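**Q** See upload_36.pdb below, with PDB, C-alpha atoms, pLDDT in the B column.
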ATOM      1  CA  CYS A 133     263.989 -30.759  98.660  1.00 92.00           C
ATOM      2  CA  MET A 134     261.332 -32.649  96.688  1.00 97.00           C
ATOM      3  CA  ARG A 135     258.035 -30.761  96.586  1.00 98.00           C
ATOM      4  CA  ILE A 136     254.902 -32.891  96.425  1.00 98.00           C
ATOM      5  CA  LEU A 137     251.459 -31.592  95.496  1.00 98.00           C
ATOM      6  CA  TYR A 138     248.858 -33.951  96.976  1.00 98.00           C
ATOM      7  CA  VAL A 139     245.243 -33.842  95.802  1.00 98.00           C
ATOM      8  CA  GLU A 140     242.618 -35.758  97.785  1.00 97.00           C
ATOM      9  CA  ASP A 141     239.034 -34.675  98.440  1.00 96.00           C
ATOM     10  CA  ASN A 142     238.626 -36.833 101.567  1.00 96.00           C
ATOM     11  CA  PRO A 143     239.857 -34.611 104.459  1.00 97.00           C
ATOM     12  CA  GLU A 144     240.883 -37.514 106.708  1.00 96.00           C
ATOM     13  CA  LEU A 145     242.889 -39.251 103.999  1.00 93.00           C
ATOM     14  CA  ARG A 146     244.368 -35.937 102.899  1.00 96.00           C
ATOM     15  CA  GLU A 147     245.643 -35.283 106.389  1.00 96.00           C
ATOM     16  CA  THR A 148     246.838 -38.830 107.109  1.00 95.00           C
ATOM     17  CA  ILE A 149     248.552 -39.588 103.792  1.00 94.00           C
ATOM     18  CA  GLY A 150     249.815 -36.016 103.581  1.00 96.00           C
ATOM     19  CA  MET A 151     251.610 -36.403 106.893  1.00 95.00           C
ATOM     20  CA  LEU A 152     252.936 -39.832 105.977  1.00 94.00           C
ATOM     21  CA  MET A 153     254.438 -38.524 102.731  1.00 95.00           C
ATOM     22  CA  GLU A 154     256.311 -35.800 104.594  1.00 95.00           C
ATOM     23  CA  GLY A 155     259.851 -36.872 105.289  1.00 90.00           C
ATOM     24  CA  GLU A 156     263.476 -35.985 105.067  1.00 89.00           C
ATOM     25  CA  GLY A 157     264.000 -33.940 101.921  1.00 93.00           C
ATOM     26  CA  ARG A 158     260.274 -33.887 101.127  1.00 96.00           C
ATOM     27  CA  THR A 159     257.557 -31.292 101.608  1.00 97.00           C
ATOM     28  CA  VAL A 160     253.880 -31.926 100.931  1.00 98.00           C
ATOM     29  CA  THR A 161     251.265 -29.355  99.943  1.00 98.00           C
ATOM     30  CA  PRO A 162     247.807 -30.901 100.327  1.00 97.00           C
ATOM     31  CA  CYS A 163     244.742 -29.599  98.520  1.00 97.00           C
ATOM     32  CA  ALA A 164     241.156 -30.737  98.037  1.00 97.00           C
ATOM     33  CA  SER A 165     240.510 -30.275  94.317  1.00 98.00           C
ATOM     34  CA  ALA A 166     242.132 -30.381  90.900  1.00 98.00           C
ATOM     35  CA  GLU A 167     241.177 -26.748  90.361  1.00 97.00           C
ATOM     36  CA  GLU A 168     243.015 -25.756  93.544  1.00 97.00           C
ATOM     37  CA  ALA A 169     245.995 -27.875  92.483  1.00 98.00           C
ATOM     38  CA  LEU A 170     246.233 -26.129  89.100  1.00 97.00           C
ATOM     39  CA  ALA A 171     246.232 -22.735  90.812  1.00 97.00           C
ATOM     40  CA  LEU A 172     248.929 -23.801  93.288  1.00 97.00           C
ATOM     41  CA  ASP A 173     251.078 -25.358  90.590  1.00 97.00           C
ATOM     42  CA  ALA A 174     250.798 -22.475  88.133  1.00 95.00           C
ATOM     43  CA  GLY A 175     253.133 -20.103  89.937  1.00 87.00           C
ATOM     44  CA  ASP A 176     255.855 -22.544  90.876  1.00 92.00           C
ATOM     45  CA  PRO A 177     255.498 -26.088  89.488  1.00 96.00           C
ATOM     46  CA  PHE A 178     255.841 -28.933  91.970  1.00 98.00           C
ATOM     47  CA  ASP A 179     258.278 -31.826  91.490  1.00 97.00           C
ATOM     48  CA  VAL A 180     255.601 -34.484  91.881  1.00 98.00           C
ATOM     49  CA  LEU A 181     251.829 -34.533  91.617  1.00 98.00           C
ATOM     50  CA  VAL A 182     250.139 -37.216  93.712  1.00 98.00           C
ATOM     51  CA  THR A 183     246.420 -37.168  92.992  1.00 97.00           C
ATOM     52  CA  ASP A 184     243.310 -39.195  93.640  1.00 96.00           C
ATOM     53  CA  VAL A 185     241.571 -40.006  90.356  1.00 96.00           C
ATOM     54  CA  SER A 186     237.961 -39.458  91.425  1.00 94.00           C
ATOM     55  CA  LEU A 187     237.588 -35.851  92.511  1.00 96.00           C
ATOM     56  CA  PRO A 188     234.592 -33.502  92.487  1.00 93.00           C
ATOM     57  CA  GLY A 189     234.786 -31.218  89.455  1.00 95.00           C
ATOM     58  CA  LEU A 190     237.886 -31.788  87.366  1.00 97.00           C
ATOM     59  CA  SER A 191     239.111 -35.383  87.745  1.00 96.00           C
ATOM     60  CA  GLY A 192     242.609 -36.381  88.788  1.00 97.00           C
ATOM     61  CA  THR A 193     243.241 -37.824  85.333  1.00 95.00           C
ATOM     62  CA  ASP A 194     242.194 -34.544  83.666  1.00 96.00           C
ATOM     63  CA  LEU A 195     244.439 -32.658  86.077  1.00 97.00           C
ATOM     64  CA  ALA A 196     247.366 -34.937  85.230  1.00 97.00           C
ATOM     65  CA  ARG A 197     246.797 -34.531  81.497  1.00 95.00           C
ATOM     66  CA  GLN A 198     246.690 -30.735  81.770  1.00 95.00           C
ATOM     67  CA  LEU A 199     250.002 -30.628  83.633  1.00 96.00           C
ATOM     68  CA  LEU A 200     251.561 -33.164  81.254  1.00 96.00           C
ATOM     69  CA  ALA A 201     250.417 -31.140  78.251  1.00 94.00           C
ATOM     70  CA  ASP A 202     252.659 -28.332  79.535  1.00 91.00           C
ATOM     71  CA  ASP A 203     255.528 -30.623  80.475  1.00 94.00           C
ATOM     72  CA  PRO A 204     255.426 -34.291  79.374  1.00 94.00           C
ATOM     73  CA  GLN A 205     258.349 -35.115  81.701  1.00 95.00           C
ATOM     74  CA  ARG A 206     256.436 -34.313  84.882  1.00 96.00           C
ATOM     75  CA  TRP A 207     256.193 -36.880  87.655  1.00 97.00           C
ATOM     76  CA  VAL A 208     252.592 -37.863  88.315  1.00 97.00           C
ATOM     77  CA  VAL A 209     251.214 -40.519  90.659  1.00 97.00           C
ATOM     78  CA  LEU A 210     247.552 -41.392  90.065  1.00 96.00           C
ATOM     79  CA  CYS A 211     245.826 -43.064  93.030  1.00 95.00           C
ATOM     80  CA  SER A 212     242.908 -45.085  91.751  1.00 93.00           C
ATOM     81  CA  GLY A 213     240.446 -47.601  93.147  1.00 88.00           C
ATOM     82  CA  TYR A 214     240.275 -49.377  89.793  1.00 86.00           C
ATOM     83  CA  GLU A 215     242.661 -50.428  87.036  1.00 84.00           C
ATOM     84  CA  LEU A 216     243.386 -47.559  84.660  1.00 82.00           C
ATOM     85  CA  GLY A 217     244.964 -49.850  82.081  1.00 79.00           C
ATOM     86  CA  SER A 218     248.017 -48.817  80.099  1.00 77.00           C
ATOM     87  CA  GLN A 219     246.589 -45.456  78.994  1.00 82.00           C
ATOM     88  CA  PRO A 220     248.178 -43.192  81.657  1.00 85.00           C
ATOM     89  CA  THR A 221     251.680 -44.470  80.905  1.00 79.00           C
ATOM     90  CA  GLN A 222     251.247 -43.164  77.357  1.00 87.00           C
ATOM     91  CA  TRP A 223     250.781 -39.593  78.622  1.00 90.00           C
ATOM     92  CA  GLY A 224     254.375 -39.329  79.773  1.00 92.00           C
ATOM     93  CA  PRO A 225     257.389 -41.402  80.836  1.00 95.00           C
ATOM     94  CA  ASN A 226     257.044 -40.443  84.509  1.00 96.00           C
ATOM     95  CA  VAL A 227     253.391 -41.298  85.098  1.00 96.00           C
ATOM     96  CA  ARG A 228     252.729 -43.981  87.719  1.00 95.00           C
ATOM     97  CA  VAL A 229     249.503 -45.574  88.945  1.00 93.00           C
ATOM     98  CA  LEU A 230     249.017 -46.625  92.570  1.00 94.00           C
ATOM     99  CA  LEU A 231     245.995 -48.885  93.095  1.00 93.00           C
ATOM    100  CA  LYS A 232     243.921 -48.199  96.197  1.00 90.00           C
ATOM    101  CA  PRO A 233     243.941 -49.402  98.845  1.00 90.00           C
ATOM    102  CA  PHE A 234     247.732 -49.277  98.696  1.00 90.00           C
ATOM    103  CA  GLU A 235     250.245 -50.170 101.355  1.00 91.00           C
ATOM    104  CA  LEU A 236     252.144 -47.212 102.777  1.00 90.00           C
ATOM    105  CA  GLU A 237     255.350 -49.063 101.894  1.00 93.00           C
ATOM    106  CA  GLU A 238     254.323 -49.030  98.233  1.00 95.00           C
ATOM    107  CA  LEU A 239     253.837 -45.273  98.335  1.00 95.00           C
ATOM    108  CA  GLU A 240     257.100 -44.816 100.222  1.00 95.00           C
ATOM    109  CA  GLN A 241     259.056 -46.924  97.712  1.00 96.00           C
ATOM    110  CA  LEU A 242     257.517 -45.018  94.826  1.00 96.00           C
ATOM    111  CA  LEU A 243     258.367 -41.606  96.346  1.00 97.00           C
ATOM    112  CA  THR A 244     261.900 -42.778  97.109  1.00 96.00           C
ATOM    113  CA  SER A 245     262.430 -43.938  93.526  1.00 96.00           C
ATOM    114  CA  ILE A 246     261.047 -40.638  92.171  1.00 97.00           C
ATOM    115  CA  HIS A 247     263.308 -38.705  94.534  1.00 96.00           C
ATOM    116  CA  THR A 248     266.311 -40.686  93.266  1.00 96.00           C
ATOM    117  CA  ALA A 249     265.320 -40.083  89.634  1.00 96.00           C
ATOM    118  CA  LEU A 250     264.846 -36.340  90.236  1.00 95.00           C
ATOM    119  CA  ALA A 251     268.223 -36.102  91.938  1.00 94.00           C
ATOM    120  CA  ALA A 252     269.866 -37.956  89.047  1.00 94.00           C
ATOM    121  CA  ALA A 253     268.184 -35.683  86.487  1.00 92.00           C
ATOM    122  CA  ALA A 254     269.300 -32.596  88.380  1.00 89.00           C
ATOM    123  CA  GLY A 255     272.841 -33.913  88.303  1.00 83.00           C
TER
END
Let's see the structure in the file written out as structure tokens.
**A**
Amino acid sequence: CMRILYVEDNPELRETIGMLMEGEGRTVTPCASAEEALALDAGDPFDVLVTDVSLPGLSGTDLARQLLADDPQRWVVLCSGYELGSQPTQWGPNVRVLLKPFELEELEQLLTSIHTALAAAAG
């Protein structure tokens, strides 16, 4: 089962997108801040981090960089309202950027491709 850590400070979005990401072979753990995400991830790292970029406190990009510093192979999806340029893709091979507002199909396709890649890596 693919475990997704979803960080979004807007409660409505967190609930809606969180539910939409749930699916066969996928579980979603939603949280409201990068700090909370780091605490949740510390004990048992998630397969995928899906995070909003603009968060109160630590930003989604800072969160991503902290997790990637520990493991550059981690899967990270940054949801951003503006172009982040090519910078995030230099942090690791499995970093993706999803521009907001995104279609749910885009998110679904991305999660499906990550799931496939994880399964392939696990052999």
**Q** With all atoms listed in the file as the counted atoms, please give the residues lying no more than 9 Å from Asp141 in chain A, apart from itself and same-chain residues fewer than 6 positions off, as a tab-separated table (two decimals) with C-alpha atoms, keeping the file's coordinate frame.
**A**
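So part28.tsv came out as:
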chain	number	residue	atom	x	y	z
A	163	CYS	CA	244.74	-29.60	98.52
A	164	ALA	CA	241.16	-30.74	98.04
A	165	SER	CA	240.51	-30.28	94.32
A	184	ASP	CA	243.31	-39.20	93.64
A	186	SER	CA	237.96	-39.46	91.42
A	187	LEU	CA	237.59	-35.85	92.51
A	188	PRO	CA	234.59	-33.50	92.49
**Q** Evaluate the PyMOL selection byres ((chain A and resi 196-209) around 8) and record the selected residues as a list of chain:residue names, following the chain and residue labels used in the document.
**A**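 On the file shown, the PyMOL selection byres ((chain A and resi 196-209) around 8) covers A:Asp179, A:Val180, A:Leu181, A:Val182, A:Thr183, A:Gly192, A:Thr193, A:Asp194, A:Leu195, A:Leu210, A:Cys211, A:Trp223, A:Gly224, A:Pro225, A:Asn226, A:Val227, A:Arg228, A:Val229, A:Leu230, A:Ile246.
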**Q** Could you list the residues chosen by the PyMOL selection byres ((chain A and resi 161) around 7) in this structure as a count of residues only?
**A** 7
**Q** Would you compute the distance between CA of Gln219 in chain A and CA of Leu190 in chain A? Give it in Å to one decimal.
**A**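 These atoms are spaced 18.2 Å apart.
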**Q** Using all atoms listed in the file, which residue out of A:Pro220, A:Glu167, A:Ala249, A:Glu235 lies closest to Ser191 in chain A?
**A**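 For Ser191 in chain A, the nearest of the candidates is A:Glu167.
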**Q** Interatomic distance between CA of Tyr214 in chain A and CA of Lys232 in chain A?
**A**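 A separation of 7.5 Å between them.
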**Q** Wanna dump the range 183-250 of chain A-range 149-158 of chain A contacts at 10 Å for me, each residue with its shortest atom pair and the distance in Å to one decimal, counting only C-alpha atoms, ordered by chain and number, as a Markdown table?
**A**
| residue | atom | partner | partner_atom | distance |
| --- | --- | --- | --- | --- |
| A:Leu236 | CA | A:Leu152 | CA | 8.1 |
| A:Leu239 | CA | A:Met153 | CA | 8.1 |
| A:Glu240 | CA | A:Met153 | CA | 7.3 |
| A:Leu243 | CA | A:Met153 | CA | 8.1 |
| A:Thr244 | CA | A:Arg158 | CA | 9.9 |
| A:His247 | CA | A:Arg158 | CA | 8.7 |
**Q** Suppose you want the space between CA of Leu250 in chain A and CA of Gly213 in chain A; what is it in Å?
**A** 27.0 Å
**Q** So, with all atoms listed in the file as the atoms that count, which of A:Gly255, A:Leu231, A:Thr148, A:Ala171 lies closest to Leu216 in chain A?
**A** A:Leu231
**Q** Which residue, A:Ala251, A:Ser212, A:Phe178, A:Gln222, has the smallest gap to Arg135 in chain A when you use all atoms listed in the file?
**A** A:Phe178
